[in-house]
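**Q** What follows is a single structure, and I will ask about it in a moment.
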Amino acid sequence: MANRDAIRELQTRLASRLQAARSEGVAVAWLAVKAGGANYLFPLGQSGEIFPVNGVQTVPYAKPWFPGVINIRGGLYGIVDFAGFLQDVCQRPRTQPAAQDLSVVTLNPALEVNCAVQVDALAGLRGPEDFVSYEPAAADAPEFFGNQFLDSAGVHWQEINLRTLSLFPQFLSISV
């Protein structure tokens with residue numbers, strides 16, 4: 001139970017920092033998340049709100065990476081298990097099972113897709129100053145992969161263009 005409280009506290013702090021960054025124009029550029037043993041960066045301008053995963057209603061005949069739908073503030077959002085999606089659609093390895101206390105990041109309402117991306121863990125906010133180098137996505141990477149970044153600790157981060165992801169044909173096709 002203490003773990004859930006700590007996650008809720010982290011989500012609250014991140015939400016307030018996101019709001020402050022948007023209103024103050026701070027140079028924070030990404031929400032850092034972990035999924036399937038890998039590190040990803042979601043652009044703040046394409047990200048929405050962060051919520052714990054609870055009350056998921058399963059959808060019959062859906063792909064394994066689509067666990068169901070969730071009610072968020074009175075709206076119905078489809079949930080995509082991001083690591084599962086990458087494993088199934090893009091043949092990206094999932095090196096770790098999904099975490100126990102999952103979170104979802106909704107897509108920005110401007111993208112006009114009622115979708116939430118399920119991640120294993122939140123890793124805070126990142127800006128360009130947090131990285132020592134970057135390079136373009138690999139030639140064989142999915143079209144929604146942006147730049148690859150390396151931080152000062154030697155950890156690799158993959159930027160995900162959520163707008164391009166939301167238009168990706170396989171992302172929009174959840175039926176088996």
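If you're wondering about the labels, chains in the structure tokens are A, B, ... by order shown, residues count from 1 in each chain, ligands from 1 in order shown.
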Within 9 Å of region 62-72 of chain A, counting only C-alpha atoms, which residues show up once you throw out same-chain ones fewer than 2 positions away? Write them as a VMD selection string, please.

**A** chain A and resid 51 53 to 60 74 to 88 115 to 116 173 to 176

**Q** Could you turn the residues from that selection into a file that holds N, CA and C atoms, as a short mmCIF file (atom, residue, chain, number, x, y, z; two decimals), in the first residue's frame?

**A**
```cif
data_model
loop_
_atom_site.label_atom_id
_atom_site.label_comp_id
_atom_site.auth_asym_id
_atom_site.auth_seq_id
_atom_site.Cartn_x
_atom_site.Cartn_y
_atom_site.Cartn_z
N PHE A 51 -2.11 8.86 -15.16
CA PHE A 51 -3.05 8.24 -14.24
C PHE A 51 -2.58 6.83 -13.89
N VAL A 53 -3.28 2.83 -13.45
CA VAL A 53 -4.13 1.91 -14.19
C VAL A 53 -5.05 1.21 -13.19
N ASN A 54 -6.33 1.52 -13.27
CA ASN A 54 -7.32 0.80 -12.46
C ASN A 54 -8.68 0.90 -13.13
N GLY A 55 -9.49 -0.10 -12.91
CA GLY A 55 -10.82 -0.13 -13.51
C GLY A 55 -10.83 -0.41 -15.00
N VAL A 56 -9.85 -1.18 -15.48
CA VAL A 56 -9.78 -1.48 -16.91
C VAL A 56 -10.88 -2.47 -17.28
N GLN A 57 -11.61 -2.16 -18.33
CA GLN A 57 -12.63 -3.05 -18.86
C GLN A 57 -12.07 -3.70 -20.13
N THR A 58 -12.00 -5.02 -20.12
CA THR A 58 -11.42 -5.71 -21.26
C THR A 58 -12.32 -5.57 -22.49
N VAL A 59 -11.70 -5.71 -23.63
CA VAL A 59 -12.41 -5.63 -24.91
C VAL A 59 -12.22 -6.97 -25.62
N PRO A 60 -13.31 -7.63 -25.98
CA PRO A 60 -13.16 -8.92 -26.65
C PRO A 60 -12.55 -8.76 -28.04
N GLY A 74 -14.47 10.81 -16.85
CA GLY A 74 -15.72 10.72 -17.59
C GLY A 74 -15.55 10.43 -19.06
N GLY A 75 -14.32 10.31 -19.54
CA GLY A 75 -14.07 9.97 -20.94
C GLY A 75 -13.56 8.55 -21.06
N LEU A 76 -13.88 7.90 -22.15
CA LEU A 76 -13.46 6.53 -22.39
C LEU A 76 -12.16 6.53 -23.21
N TYR A 77 -11.11 5.91 -22.67
CA TYR A 77 -9.80 5.88 -23.31
C TYR A 77 -9.37 4.44 -23.55
N GLY A 78 -8.91 4.15 -24.75
CA GLY A 78 -8.31 2.86 -25.03
C GLY A 78 -6.90 2.84 -24.46
N ILE A 79 -6.51 1.69 -23.91
CA ILE A 79 -5.17 1.56 -23.33
C ILE A 79 -4.32 0.69 -24.24
N VAL A 80 -3.13 1.17 -24.53
CA VAL A 80 -2.16 0.41 -25.31
C VAL A 80 -0.96 0.12 -24.42
N ASP A 81 -0.69 -1.17 -24.19
CA ASP A 81 0.51 -1.58 -23.47
C ASP A 81 1.68 -1.32 -24.42
N PHE A 82 2.43 -0.26 -24.16
CA PHE A 82 3.43 0.20 -25.11
C PHE A 82 4.50 -0.86 -25.39
N ALA A 83 5.01 -1.50 -24.36
CA ALA A 83 6.03 -2.53 -24.57
C ALA A 83 5.46 -3.71 -25.35
N GLY A 84 4.24 -4.09 -25.04
CA GLY A 84 3.58 -5.18 -25.77
C GLY A 84 3.34 -4.83 -27.22
N PHE A 85 2.96 -3.58 -27.47
CA PHE A 85 2.75 -3.10 -28.84
C PHE A 85 4.06 -3.18 -29.63
N LEU A 86 5.13 -2.68 -29.04
CA LEU A 86 6.43 -2.70 -29.73
C LEU A 86 6.89 -4.13 -29.98
N GLN A 87 6.63 -5.02 -29.04
CA GLN A 87 7.04 -6.41 -29.19
C GLN A 87 6.25 -7.07 -30.32
N ASP A 88 4.96 -6.84 -30.37
CA ASP A 88 4.10 -7.50 -31.35
C ASP A 88 4.23 -6.89 -32.75
N CYS A 115 -6.75 7.90 -26.29
CA CYS A 115 -5.86 6.77 -26.05
C CYS A 115 -4.93 7.10 -24.90
N ALA A 116 -4.59 6.07 -24.15
CA ALA A 116 -3.62 6.19 -23.07
C ALA A 116 -2.56 5.10 -23.28
N SER A 173 -5.37 -0.26 -35.26
CA SER A 173 -6.06 -1.51 -35.54
C SER A 173 -5.88 -2.47 -34.37
N ILE A 174 -6.86 -2.52 -33.49
CA ILE A 174 -6.73 -3.31 -32.27
C ILE A 174 -7.37 -4.70 -32.38
N SER A 175 -8.11 -4.94 -33.43
CA SER A 175 -8.81 -6.22 -33.51
C SER A 175 -7.88 -7.35 -33.94
N VAL A 176 -8.18 -8.54 -33.43
CA VAL A 176 -7.36 -9.72 -33.74
C VAL A 176 -7.61 -10.14 -35.16
#
```

**Q** Residues at most 7 Å from Trp30 (chain A), counting only C-alpha atoms, excluding those fewer than 5 positions away in the same chain, as number ranges by chain?

**A** A: 41-44, 125-127

**Q** DSSP on the backbone: what in region 8-173 of chain A comes out helix (DSSP H, G or I), as a PyMOL selection string?

**A** chain A and resi 8-24+44-46+82-90+109-111+128-130+162-167+169-172

**Q** If I take CA of Glu112 (chain A) and CA of Arg73 (chain A), how far is one from the other in Å, to one decimal?

**A**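 Distance between the two atoms: 16.0 Å.
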
**Q** Out of chain A, which residues get strand (DSSP E) from DSSP, as a VMD selection string?

**A** chain A and resid 30 to 35 38 to 43 47 to 52 68 to 72 75 to 81 103 to 107 115 to 119 121 to 126 131 to 135 145 to 151 156 to 160

**Q** Counting only C-alpha atoms, which of A:Glu129, A:Glu49, A:Asp151, A:Asp140 gets nearest to Arg92 (chain A)?

**A**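 So, comparing all the options, the nearest one is A:Asp140.
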
**Q** Counting only C-alpha atoms, which of A:Pro169, A:Gly124, A:Gly48, A:Pro142 gets nearest to Val33 (chain A)?

**A**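 Counting only C-alpha atoms, the residue closest to Val33 (chain A) is A:Gly124.
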
**Q** What's the 8 Å shell around Leu111 (chain A), counting only C-alpha atoms, without same-chain residues fewer than 6 positions away, as a count of residues only?

**A** 3

**Q** What gap, in Å, lies between CA of Asp120 (chain A) and CA of Pro93 (chain A)?

**A**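 Between these atoms lies a distance of 14.8 Å.
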
**Q** Have a look at CA of Phe145 (chain A) and CA of Asn161 (chain A) and let me know their distance in Å, one decimal.

**A** 6.2 Å

**Q** Check the smallest atom-to-atom distance from each of A:Thr95, A:Ser47, A:Asn39, A:Gln11 to Pro109 (chain A) using only C-alpha atoms, then report the winner.

**A** A:Ser47

**Q** When distances are computed from only C-alpha atoms, which of A:Val132, A:Val119, A:Leu31, A:Leu165 shows the smallest separation from Phe149 (chain A)?

**A**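 Ranking A:Val132, A:Val119, A:Leu31, A:Leu165 by distance to Phe149 (chain A), first place goes to A:Val132.
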